[in-house]
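Down below is the structure, laid out as structure tokens.
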Amino acid sequence: MGVFDSLRKKRKSGSGQVRTASKQDTTHLDEWASSRRGVEAFVEPRTHVTETTVLLVAHDGEWTRRRISSADAAFEFAKKRSMPIYEVERVGYPKRMREYQARQKRERG
């Protein structure tokens, strides 16, 4: 048995497949956005590891990320909620998000 045989076997058996967006993902995004203020959306492109995702960032930098079916679906999600939306590949991640993560890390120890 070769080094990569077990990986090929997993790929053929269907395990390790990328999970697609679900209704629970959209519900989470809705609930999260409605309970915070100043929320903006950032679309993250599909990769080899994950499907397209939408990142929501609140005014203070708190954030959440969930899968979404496509970039178009992310733009529609934001439009329905009158939420600004950006493409991460074009604008990058917001500074307030990085600052929030740094604060959380300091507070934990």
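Starting from 1 in every chain, residues are counted up; chains themselves are A, B, ... following the order of the structure tokens, and ligands are numbered from 1 as listed.
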Self-check item: stretch 34-51 of chain A environment, 7 Å, only C-alpha atoms, sequence neighbours closer than 4 positions dropped, as a ChimeraX atom specification
Solution: /A:18,20,30,55-59,67,71,74,78,83-88
For the residues in the current selection, export N, CA and C atoms as a compact mmCIF listing (two decimals), in the first residue's frame.
# COMPACT_ATOMS: atom_id res chain seq x y z
N VAL A 18 -16.63 18.37 0.43
CA VAL A 18 -16.91 19.69 0.97
C VAL A 18 -18.40 19.82 1.22
N THR A 20 -21.89 21.67 1.60
CA THR A 20 -22.48 22.84 0.98
C THR A 20 -23.31 23.61 2.01
N ASP A 30 -28.75 35.15 9.67
CA ASP A 30 -29.88 36.06 9.93
C ASP A 30 -29.96 36.45 11.40
N LEU A 55 -18.79 36.20 5.44
CA LEU A 55 -18.29 36.60 6.75
C LEU A 55 -19.06 37.85 7.15
N LEU A 56 -19.68 37.82 8.30
CA LEU A 56 -20.37 39.01 8.81
C LEU A 56 -19.53 39.60 9.92
N VAL A 57 -19.32 40.93 9.86
CA VAL A 57 -18.51 41.62 10.86
C VAL A 57 -19.33 42.77 11.43
N ALA A 58 -19.47 42.77 12.76
CA ALA A 58 -20.23 43.82 13.45
C ALA A 58 -19.36 45.06 13.66
N HIS A 59 -19.96 46.12 14.19
CA HIS A 59 -19.27 47.39 14.39
C HIS A 59 -18.03 47.26 15.26
N ARG A 67 -21.12 29.02 5.36
CA ARG A 67 -21.17 28.71 3.94
C ARG A 67 -22.41 29.35 3.33
N ALA A 71 -21.51 33.29 -4.61
CA ALA A 71 -21.27 34.72 -4.38
C ALA A 71 -22.55 35.51 -4.67
N ALA A 74 -24.74 35.40 -1.73
CA ALA A 74 -24.25 36.29 -0.68
C ALA A 74 -24.69 37.73 -0.94
N ALA A 78 -27.26 39.99 1.44
CA ALA A 78 -26.96 41.33 1.94
C ALA A 78 -27.97 42.36 1.42
N MET A 83 -27.63 45.51 3.77
CA MET A 83 -26.32 45.38 4.41
C MET A 83 -25.22 45.60 3.36
N PRO A 84 -24.22 46.42 3.68
CA PRO A 84 -23.10 46.57 2.75
C PRO A 84 -22.37 45.24 2.58
N ILE A 85 -21.91 44.97 1.38
CA ILE A 85 -21.20 43.72 1.12
C ILE A 85 -19.98 44.00 0.25
N TYR A 86 -18.91 43.29 0.55
CA TYR A 86 -17.63 43.47 -0.14
C TYR A 86 -17.04 42.12 -0.51
N GLU A 87 -16.17 42.11 -1.49
CA GLU A 87 -15.44 40.91 -1.85
C GLU A 87 -14.09 40.95 -1.14
N VAL A 88 -13.81 39.95 -0.33
CA VAL A 88 -12.58 39.90 0.45
C VAL A 88 -11.35 39.99 -0.46
DSSP strand (DSSP E or B) residues within chain A, as a CSV table (one decimal) with N, CA and C atoms, in the first residue's frame:
chain,number,residue,atom,x,y,z
A,40,GLU,N,-21.5,44.3,8.4
A,40,GLU,CA,-21.2,44.3,7.0
A,40,GLU,C,-20.9,42.9,6.6
A,41,ALA,N,-21.1,42.6,5.4
A,41,ALA,CA,-20.8,41.2,4.8
A,41,ALA,C,-19.6,41.3,3.9
A,42,PHE,N,-18.8,40.2,4.0
A,42,PHE,CA,-17.7,40.0,3.2
A,42,PHE,C,-17.8,38.6,2.5
A,43,VAL,N,-17.7,38.5,1.2
A,43,VAL,CA,-17.8,37.3,0.5
A,43,VAL,C,-16.4,36.7,0.3
A,44,GLU,N,-16.2,35.4,0.7
A,44,GLU,CA,-15.0,34.7,0.6
A,44,GLU,C,-15.2,33.7,-0.5
A,53,THR,N,-18.1,31.3,1.2
A,53,THR,CA,-18.6,31.7,2.5
A,53,THR,C,-18.9,33.2,2.6
A,54,VAL,N,-19.7,33.5,3.5
A,54,VAL,CA,-20.0,34.9,3.8
A,54,VAL,C,-19.5,35.2,5.3
A,55,LEU,N,-18.8,36.2,5.4
A,55,LEU,CA,-18.3,36.6,6.7
A,55,LEU,C,-19.1,37.9,7.1
A,56,LEU,N,-19.7,37.8,8.3
A,56,LEU,CA,-20.4,39.0,8.8
A,56,LEU,C,-19.5,39.6,9.9
A,57,VAL,N,-19.3,40.9,9.9
A,57,VAL,CA,-18.5,41.6,10.9
A,57,VAL,C,-19.3,42.8,11.4
A,63,TRP,N,-17.3,38.7,14.8
A,63,TRP,CA,-17.6,38.2,13.4
A,63,TRP,C,-18.1,36.7,13.5
A,64,THR,N,-18.7,36.3,12.4
A,64,THR,CA,-19.1,35.0,12.2
A,64,THR,C,-19.0,34.6,10.7
A,65,ARG,N,-18.9,33.4,10.4
A,65,ARG,CA,-18.7,32.9,9.0
A,65,ARG,C,-19.5,31.7,8.8
A,66,ARG,N,-20.2,31.6,7.7
A,66,ARG,CA,-21.0,30.4,7.3
A,66,ARG,C,-20.9,30.3,5.8
A,67,ARG,N,-21.1,29.0,5.4
A,67,ARG,CA,-21.2,28.7,3.9
A,67,ARG,C,-22.4,29.4,3.3
A,85,ILE,N,-21.9,45.0,1.4
A,85,ILE,CA,-21.2,43.7,1.1
A,85,ILE,C,-20.0,44.0,0.2
A,86,TYR,N,-18.9,43.3,0.6
A,86,TYR,CA,-17.6,43.5,-0.1
A,86,TYR,C,-17.0,42.1,-0.5
A,87,GLU,N,-16.2,42.1,-1.5
A,87,GLU,CA,-15.4,40.9,-1.8
A,87,GLU,C,-14.1,40.9,-1.1
Self-check item: Sel. of alpha helix (DSSP H) residues, stretch 31-106 of chain A, as a PyMOL selection string
Solution: chain A and resi 31-34+71-80+88-91+95-106
Self-check item: Coordinates-based distance that separates atom CA of A:Glu31 from atom CA of A:Gly92 (Å, one decimal)
Solution: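 Atom CA of A:Gly92 sits 24.6 Å away from atom CA of A:Glu31.
Distance-wise, atom CA of A:Lys80 and atom CA of A:Arg96 end up 24.3 Å apart.
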Exercise. Determine the nearest neighbour of A:Glu62 from the options A:His28, A:Lys23, A:Lys79, A:Lys95, counting only C-alpha atoms.
Key: A:Lys95
